[in-house]
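Next comes protein_14.pdb, with PDB, C-alpha atoms.
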```
ATOM      1  CA  MET A   1      15.387   5.242  42.670  1.00  0.00           C
ATOM      2  CA  SER A   2      13.183   8.002  41.252  1.00  0.00           C
ATOM      3  CA  ILE A   3      10.695   7.465  38.461  1.00  0.00           C
ATOM      4  CA  ALA A   4      12.792   9.689  36.195  1.00  0.00           C
ATOM      5  CA  THR A   5      15.879   7.565  36.886  1.00  0.00           C
ATOM      6  CA  GLN A   6      13.969   4.334  36.221  1.00  0.00           C
ATOM      7  CA  TYR A   7      12.626   5.472  32.875  1.00  0.00           C
ATOM      8  CA  LEU A   8      15.888   7.130  31.884  1.00  0.00           C
ATOM      9  CA  ASP A   9      17.516   3.730  32.440  1.00  0.00           C
ATOM     10  CA  VAL A  10      14.952   2.065  30.142  1.00  0.00           C
ATOM     11  CA  HIS A  11      15.486   4.804  27.538  1.00  0.00           C
ATOM     12  CA  GLN A  12      19.271   4.495  27.652  1.00  0.00           C
ATOM     13  CA  ARG A  13      19.210   0.679  27.432  1.00  0.00           C
ATOM     14  CA  MET A  14      16.998   0.885  24.342  1.00  0.00           C
ATOM     15  CA  ARG A  15      19.254   3.476  22.707  1.00  0.00           C
ATOM     16  CA  ASP A  16      22.314   1.339  23.546  1.00  0.00           C
ATOM     17  CA  GLN A  17      20.619  -1.526  21.678  1.00  0.00           C
ATOM     18  CA  GLY A  18      20.092   0.686  18.616  1.00  0.00           C
ATOM     19  CA  VAL A  19      16.332   1.139  19.048  1.00  0.00           C
ATOM     20  CA  ILE A  20      14.979   4.059  17.024  1.00  0.00           C
ATOM     21  CA  PHE A  21      11.270   3.268  17.280  1.00  0.00           C
ATOM     22  CA  SER A  22       9.295   1.210  19.782  1.00  0.00           C
ATOM     23  CA  PHE A  23       5.709   0.559  20.806  1.00  0.00           C
ATOM     24  CA  VAL A  24       4.348  -1.660  23.572  1.00  0.00           C
ATOM     25  CA  GLY A  25       0.642  -2.086  24.164  1.00  0.00           C
ATOM     26  CA  TYR A  26      -2.607  -2.802  22.393  1.00  0.00           C
ATOM     27  CA  VAL A  27      -2.696  -2.348  18.617  1.00  0.00           C
ATOM     28  CA  SER A  28      -5.383  -2.262  15.963  1.00  0.00           C
ATOM     29  CA  GLU A  29      -5.343  -1.647  12.218  1.00  0.00           C
ATOM     30  CA  GLY A  30      -5.793   2.099  12.883  1.00  0.00           C
ATOM     31  CA  ILE A  31      -2.852   2.197  15.263  1.00  0.00           C
ATOM     32  CA  LEU A  32      -0.793   0.175  12.771  1.00  0.00           C
ATOM     33  CA  PHE A  33      -1.475   2.836  10.128  1.00  0.00           C
ATOM     34  CA  SER A  34      -0.431   5.668  12.467  1.00  0.00           C
ATOM     35  CA  LEU A  35       2.699   3.872  13.681  1.00  0.00           C
ATOM     36  CA  GLY A  36       3.633   3.039  10.088  1.00  0.00           C
ATOM     37  CA  GLU A  37       3.330   6.667   9.030  1.00  0.00           C
ATOM     38  CA  ALA A  38       5.514   7.749  11.957  1.00  0.00           C
ATOM     39  CA  LEU A  39       8.131   5.120  11.073  1.00  0.00           C
ATOM     40  CA  LYS A  40       8.229   6.159   7.404  1.00  0.00           C
ATOM     41  CA  GLN A  41       8.540   9.820   8.379  1.00  0.00           C
ATOM     42  CA  LYS A  42      11.402   9.047  10.807  1.00  0.00           C
ATOM     43  CA  MET A  43      13.271   7.127   8.123  1.00  0.00           C
ATOM     44  CA  ARG A  44      12.652   9.886   5.564  1.00  0.00           C
ATOM     45  CA  LEU A  45      14.029  12.503   7.971  1.00  0.00           C
ATOM     46  CA  GLU A  46      17.145  10.355   8.428  1.00  0.00           C
ATOM     47  CA  GLU A  47      17.439  10.144   4.626  1.00  0.00           C
ATOM     48  CA  THR A  48      17.331   6.356   4.630  1.00  0.00           C
ATOM     49  CA  ASP A  49      17.562   4.725   1.193  1.00  0.00           C
ATOM     50  CA  ALA A  50      14.046   4.375  -0.268  1.00  0.00           C
ATOM     51  CA  ASN A  51      14.449   0.635  -0.973  1.00  0.00           C
ATOM     52  CA  VAL A  52      15.617  -0.036   2.587  1.00  0.00           C
ATOM     53  CA  THR A  53      12.714   2.027   3.939  1.00  0.00           C
ATOM     54  CA  LYS A  54      10.248  -0.054   1.884  1.00  0.00           C
ATOM     55  CA  ARG A  55      11.701  -3.325   3.174  1.00  0.00           C
ATOM     56  CA  VAL A  56      11.726  -2.153   6.797  1.00  0.00           C
ATOM     57  CA  PHE A  57       8.165  -0.867   6.453  1.00  0.00           C
ATOM     58  CA  SER A  58       6.960  -4.085   4.801  1.00  0.00           C
ATOM     59  CA  ILE A  59       8.412  -6.270   7.565  1.00  0.00           C
ATOM     60  CA  PHE A  60       7.106  -3.863  10.218  1.00  0.00           C
ATOM     61  CA  VAL A  61       3.567  -4.142   8.789  1.00  0.00           C
ATOM     62  CA  GLU A  62       3.736  -7.956   8.568  1.00  0.00           C
ATOM     63  CA  GLN A  63       4.923  -8.225  12.145  1.00  0.00           C
ATOM     64  CA  VAL A  64       2.280  -5.854  13.563  1.00  0.00           C
ATOM     65  CA  GLN A  65      -0.421  -7.684  11.565  1.00  0.00           C
ATOM     66  CA  ASN A  66       0.771 -10.937  13.150  1.00  0.00           C
ATOM     67  CA  ILE A  67       0.351  -9.357  16.588  1.00  0.00           C
ATOM     68  CA  ILE A  68      -3.133  -8.110  15.655  1.00  0.00           C
ATOM     69  CA  ARG A  69      -4.215 -11.499  14.309  1.00  0.00           C
ATOM     70  CA  TYR A  70      -2.541 -13.951  16.652  1.00  0.00           C
ATOM     71  CA  SER A  71      -1.797 -12.388  20.047  1.00  0.00           C
ATOM     72  CA  ALA A  72      -3.401 -14.302  22.914  1.00  0.00           C
ATOM     73  CA  GLU A  73      -3.893 -11.002  24.757  1.00  0.00           C
ATOM     74  CA  ARG A  74      -6.948  -9.480  23.112  1.00  0.00           C
ATOM     75  CA  LEU A  75      -9.644  -6.970  23.932  1.00  0.00           C
ATOM     76  CA  HIS A  76     -13.081  -7.234  22.315  1.00  0.00           C
ATOM     77  CA  ALA A  77     -15.967  -4.771  22.291  1.00  0.00           C
ATOM     78  CA  GLU A  78     -19.277  -5.671  20.696  1.00  0.00           C
ATOM     79  CA  SER A  79     -21.231  -2.525  21.589  1.00  0.00           C
ATOM     80  CA  GLY A  80     -21.430   0.039  18.818  1.00  0.00           C
ATOM     81  CA  THR A  81     -18.781  -0.675  16.220  1.00  0.00           C
ATOM     82  CA  PRO A  82     -17.191  -4.104  16.846  1.00  0.00           C
ATOM     83  CA  THR A  83     -13.631  -3.482  17.993  1.00  0.00           C
ATOM     84  CA  GLU A  84     -10.729  -5.804  18.573  1.00  0.00           C
ATOM     85  CA  MET A  85      -7.253  -4.945  19.824  1.00  0.00           C
ATOM     86  CA  SER A  86      -4.272  -7.213  20.465  1.00  0.00           C
ATOM     87  CA  SER A  87      -1.285  -6.688  22.742  1.00  0.00           C
ATOM     88  CA  GLY A  88       2.356  -6.952  21.833  1.00  0.00           C
ATOM     89  CA  LEU A  89       5.558  -5.067  21.276  1.00  0.00           C
ATOM     90  CA  ILE A  90       7.222  -3.849  18.115  1.00  0.00           C
ATOM     91  CA  THR A  91      10.682  -2.340  17.895  1.00  0.00           C
ATOM     92  CA  VAL A  92      12.706  -0.997  14.985  1.00  0.00           C
ATOM     93  CA  GLY A  93      16.393  -0.332  15.369  1.00  0.00           C
ATOM     94  CA  ARG A  94      19.740  -0.263  13.715  1.00  0.00           C
ATOM     95  CA  ASP A  95      23.033  -1.948  14.458  1.00  0.00           C
ATOM     96  CA  ALA A  96      26.351  -1.218  12.741  1.00  0.00           C
ATOM     97  CA  THR A  97      25.259  -2.678   9.385  1.00  0.00           C
ATOM     98  CA  HIS A  98      21.517  -3.406   9.342  1.00  0.00           C
ATOM     99  CA  PHE A  99      18.111  -2.226  10.406  1.00  0.00           C
ATOM    100  CA  PHE A 100      16.126  -4.710  12.473  1.00  0.00           C
ATOM    101  CA  VAL A 101      12.461  -5.191  13.314  1.00  0.00           C
ATOM    102  CA  VAL A 102      11.508  -7.119  16.448  1.00  0.00           C
ATOM    103  CA  CYS A 103       8.022  -8.153  17.487  1.00  0.00           C
ATOM    104  CA  GLY A 104       6.856 -10.055  20.510  1.00  0.00           C
ATOM    105  CA  ASN A 105       3.536 -11.169  21.891  1.00  0.00           C
ATOM    106  CA  ILE A 106       1.905 -13.822  24.009  1.00  0.00           C
ATOM    107  CA  VAL A 107       0.554 -16.800  22.080  1.00  0.00           C
ATOM    108  CA  GLY A 108      -1.075 -20.088  22.979  1.00  0.00           C
ATOM    109  CA  ARG A 109       1.529 -22.808  23.581  1.00  0.00           C
ATOM    110  CA  ALA A 110       0.286 -24.897  20.646  1.00  0.00           C
ATOM    111  CA  GLU A 111       0.397 -21.886  18.304  1.00  0.00           C
ATOM    112  CA  GLY A 112       3.889 -21.078  19.566  1.00  0.00           C
ATOM    113  CA  GLU A 113       5.125 -24.574  18.808  1.00  0.00           C
ATOM    114  CA  ASP A 114       3.573 -24.334  15.334  1.00  0.00           C
ATOM    115  CA  LEU A 115       5.376 -21.006  14.776  1.00  0.00           C
ATOM    116  CA  ARG A 116       8.649 -22.537  15.911  1.00  0.00           C
ATOM    117  CA  GLY A 117       8.209 -25.399  13.444  1.00  0.00           C
ATOM    118  CA  ARG A 118       7.440 -23.050  10.550  1.00  0.00           C
ATOM    119  CA  LEU A 119      10.387 -20.813  11.369  1.00  0.00           C
ATOM    120  CA  ASP A 120      12.759 -23.767  11.810  1.00  0.00           C
ATOM    121  CA  GLU A 121      11.703 -24.896   8.330  1.00  0.00           C
ATOM    122  CA  LEU A 122      12.322 -21.417   6.865  1.00  0.00           C
ATOM    123  CA  ALA A 123      15.701 -21.223   8.623  1.00  0.00           C
ATOM    124  CA  ARG A 124      16.867 -24.301   6.716  1.00  0.00           C
ATOM    125  CA  MET A 125      16.074 -22.639   3.362  1.00  0.00           C
ATOM    126  CA  ASP A 126      18.413 -20.495   1.301  1.00  0.00           C
ATOM    127  CA  PRO A 127      17.023 -17.314  -0.344  1.00  0.00           C
ATOM    128  CA  ASP A 128      16.224 -19.038  -3.662  1.00  0.00           C
ATOM    129  CA  THR A 129      14.352 -21.843  -1.905  1.00  0.00           C
ATOM    130  CA  ILE A 130      12.387 -19.272   0.107  1.00  0.00           C
ATOM    131  CA  LYS A 131      11.377 -17.507  -3.137  1.00  0.00           C
ATOM    132  CA  THR A 132      10.195 -20.785  -4.669  1.00  0.00           C
ATOM    133  CA  TYR A 133       8.318 -21.738  -1.490  1.00  0.00           C
ATOM    134  CA  TYR A 134       6.678 -18.286  -1.438  1.00  0.00           C
ATOM    135  CA  ARG A 135       5.434 -18.682  -5.027  1.00  0.00           C
ATOM    136  CA  GLU A 136       4.050 -22.141  -4.230  1.00  0.00           C
ATOM    137  CA  LYS A 137       2.198 -20.836  -1.165  1.00  0.00           C
ATOM    138  CA  LEU A 138       0.694 -17.956  -3.174  1.00  0.00           C
ATOM    139  CA  ARG A 139      -1.060 -20.512  -5.398  1.00  0.00           C
ATOM    140  CA  GLU A 140      -2.485 -22.437  -2.432  1.00  0.00           C
ATOM    141  CA  PRO A 141      -5.569 -21.479  -0.431  1.00  0.00           C
ATOM    142  CA  PRO A 142      -4.913 -20.082   3.064  1.00  0.00           C
ATOM    143  CA  GLU A 143      -4.314 -22.690   5.733  1.00  0.00           C
ATOM    144  CA  GLU A 144      -7.214 -23.690   7.948  1.00  0.00           C
ATOM    145  CA  GLY A 145      -7.457 -21.368  10.946  1.00  0.00           C
ATOM    146  CA  SER A 146      -5.323 -18.703   9.291  1.00  0.00           C
ATOM    147  CA  ARG A 147      -6.497 -15.114   9.690  1.00  0.00           C
ATOM    148  CA  GLY A 148      -4.453 -14.005   6.685  1.00  0.00           C
ATOM    149  CA  ALA A 149      -3.017 -15.456   3.521  1.00  0.00           C
ATOM    150  CA  SER A 150      -0.624 -17.822   5.388  1.00  0.00           C
ATOM    151  CA  ILE A 151       2.423 -16.179   3.815  1.00  0.00           C
ATOM    152  CA  GLY A 152       3.397 -13.495   6.370  1.00  0.00           C
ATOM    153  CA  LEU A 153       6.342 -15.363   7.872  1.00  0.00           C
ATOM    154  CA  ILE A 154       7.550 -16.352   4.411  1.00  0.00           C
ATOM    155  CA  GLU A 155       7.278 -12.713   3.320  1.00  0.00           C
ATOM    156  CA  ILE A 156       9.370 -11.634   6.314  1.00  0.00           C
ATOM    157  CA  ALA A 157      12.021 -14.292   5.567  1.00  0.00           C
ATOM    158  CA  ARG A 158      12.030 -13.308   1.884  1.00  0.00           C
ATOM    159  CA  ARG A 159      12.625  -9.622   2.636  1.00  0.00           C
ATOM    160  CA  SER A 160      15.189 -10.188   5.411  1.00  0.00           C
ATOM    161  CA  THR A 161      18.841  -9.834   4.521  1.00  0.00           C
ATOM    162  CA  ARG A 162      20.005 -12.165   7.305  1.00  0.00           C
ATOM    163  CA  PRO A 163      18.420 -15.252   8.838  1.00  0.00           C
ATOM    164  CA  ILE A 164      15.459 -14.517  11.109  1.00  0.00           C
ATOM    165  CA  GLU A 165      16.045 -14.886  14.852  1.00  0.00           C
ATOM    166  CA  PHE A 166      13.168 -16.166  16.959  1.00  0.00           C
ATOM    167  CA  GLY A 167      12.374 -17.627  20.323  1.00  0.00           C
ATOM    168  CA  LEU A 168       9.576 -18.936  22.486  1.00  0.00           C
ATOM    169  CA  THR A 169       9.534 -18.669  26.287  1.00  0.00           C
ATOM    170  CA  GLU A 170       7.019 -20.700  28.273  1.00  0.00           C
ATOM    171  CA  LEU A 171       4.856 -18.575  30.583  1.00  0.00           C
ATOM    172  CA  ASP A 172       2.532 -21.261  31.952  1.00  0.00           C
ATOM    173  CA  ALA A 173       0.835 -24.490  30.827  1.00  0.00           C
ATOM    174  CA  ASP A 174      -1.214 -22.698  28.159  1.00  0.00           C
ATOM    175  CA  ARG A 175       0.784 -19.673  27.030  1.00  0.00           C
ATOM    176  CA  ALA A 176       4.208 -18.640  25.770  1.00  0.00           C
ATOM    177  CA  PHE A 177       5.917 -15.406  24.756  1.00  0.00           C
ATOM    178  CA  PHE A 178       6.940 -15.443  21.092  1.00  0.00           C
ATOM    179  CA  CYS A 179       9.577 -13.092  19.692  1.00  0.00           C
ATOM    180  CA  LEU A 180      10.880 -12.652  16.130  1.00  0.00           C
ATOM    181  CA  LYS A 181      13.725 -10.452  14.847  1.00  0.00           C
ATOM    182  CA  ALA A 182      14.291  -9.744  11.154  1.00  0.00           C
ATOM    183  CA  TYR A 183      17.231  -7.836   9.648  1.00  0.00           C
ATOM    184  CA  ILE A 184      17.167  -5.524   6.670  1.00  0.00           C
TER     185      ILE A 184
END
```

Would you mind writing the file's structure down as structure tokens?
Amino acid sequence: MSIATQYLDVHQRMRDQGVIFSFVGYVSEGILFSLGEALKQKMRLEETDANVTKRVFSIFVEQVQNIIRYSAERLHAESGTPTEMSSGLITVGRDATHFFVVCGNIVGRAEGEDLRGRLDELARMDPDTIKTYYREKLREPPEEGSRGASIGLIEIARRSTRPIEFGLTELDADRAFFCLKAYI
């Protein structure tokens, strides 16, 4: 099979799944900004409703920030300007009725189990309960070990129009691949 055939196959499978935007690799805040601008421009060109675009963009940013902050695959450079990049994948697509945003990255097994517990808890909540929980968390200090405000997953659940899908696949004794899909 030729290289063109192999990558055409990947391209066609992604299109068949409704993917309109995808990135795999190392990301930083600068790359997040550039990817976000490209996503907004793509949605503008397709004349997507402004409110839908804002929700998709918001969830996209939250998910990429989670990759940046929590991916177990990281690159560090201390010479010159300190630099840190984290590896993962981010995909935006559309099915018959909704947009979706999918992220995936390698995490430590313990962190993955913690994520699963948090997301299981959110999955049991209805939209009003999620709103109340979000307001409560805003008043609390960030959780110990958090690299953000500890509300990213709640924000994603709050902005999603369907329940979040997620999964964790064990890679070895110390690591797992985490994936989250939100619908808008």

Quick check on the file I pasted: which residues fall under the PyMOL selection byres ((chain A and resi 158) around 7)? Write them as a ChimeraX atom specification.
/A:127,130-131,154-157,159-160

Please enumerate the residues selected by the PyMOL selection byres ((chain A and resi 17-27) around 6) when evaluated against the supplied file, formatted as a ChimeraX atom specification.
/A:14-16,28,31,85-95

Mind writing the picked residues with C-alpha atoms as a short mmCIF file (atom, residue, chain, number, x, y, z; two decimals), in the frame of the given file?
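Contents of the output file result-v4.cif:
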```cif
data_model
loop_
_atom_site.label_atom_id
_atom_site.label_comp_id
_atom_site.auth_asym_id
_atom_site.auth_seq_id
_atom_site.Cartn_x
_atom_site.Cartn_y
_atom_site.Cartn_z
CA MET A 14 17.00 0.88 24.34
CA ARG A 15 19.25 3.48 22.71
CA ASP A 16 22.31 1.34 23.55
CA SER A 28 -5.38 -2.26 15.96
CA ILE A 31 -2.85 2.20 15.26
CA MET A 85 -7.25 -4.94 19.82
CA SER A 86 -4.27 -7.21 20.46
CA SER A 87 -1.28 -6.69 22.74
CA GLY A 88 2.36 -6.95 21.83
CA LEU A 89 5.56 -5.07 21.28
CA ILE A 90 7.22 -3.85 18.11
CA THR A 91 10.68 -2.34 17.90
CA VAL A 92 12.71 -1.00 14.98
CA GLY A 93 16.39 -0.33 15.37
CA ARG A 94 19.74 -0.26 13.72
CA ASP A 95 23.03 -1.95 14.46
#
```

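Shown here are all protein and nucleic acid residues lying within 7 Å of (9.4, 1.8, 7.0), with all atoms listed in the file considered: Gly36, Leu39, Lys40, Met43, Thr53, Lys54, Arg55, Val56, Phe57, Ser58 and Phe60 of chain A.
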
Would you list the contacts of A:Val107 as a PyMOL selection string, taking every protein, DNA or RNA residue within 8 Å and counting only C-alpha atoms, but skipping same-chain residues closer than 3 positions in sequence?
chain A and resi 70-73+111-112+175-178

When you count all atoms listed in the file, which of these residues is closest to A:Gly104: A:Ala182, A:Val52, A:Ala123, A:Ala77?
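With all atoms listed in the file as the atom set, the closest residue is A:Ala182.
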
From the set A:Leu119, A:Ile3, A:Ile184, A:Leu171, which residue has the shortest atom-to-atom contact distance to A:Ile151, counting only C-alpha atoms?
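When distances to A:Ile151 are compared using only C-alpha atoms, the smallest one comes from A:Leu119.
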
As a check of understanding, name the residues that the PyMOL selection byres ((chain A and resi 121) around 12) selects in the supplied structure, as a list in words.
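Checking the PyMOL selection byres ((chain A and resi 121) around 12) against this file, the residues are Asp114, Leu115, Arg116, Gly117, Arg118, Leu119, Asp120, Leu122, Ala123, Arg124, Met125, Asp126, Thr129, Ile130, Tyr133, Leu153, Ile154, Ala157, Pro163 and Ile164 of chain A.
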
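Between atom CA of A:Leu180 and atom CA of A:Phe100 there is a distance of 10.2 Å.
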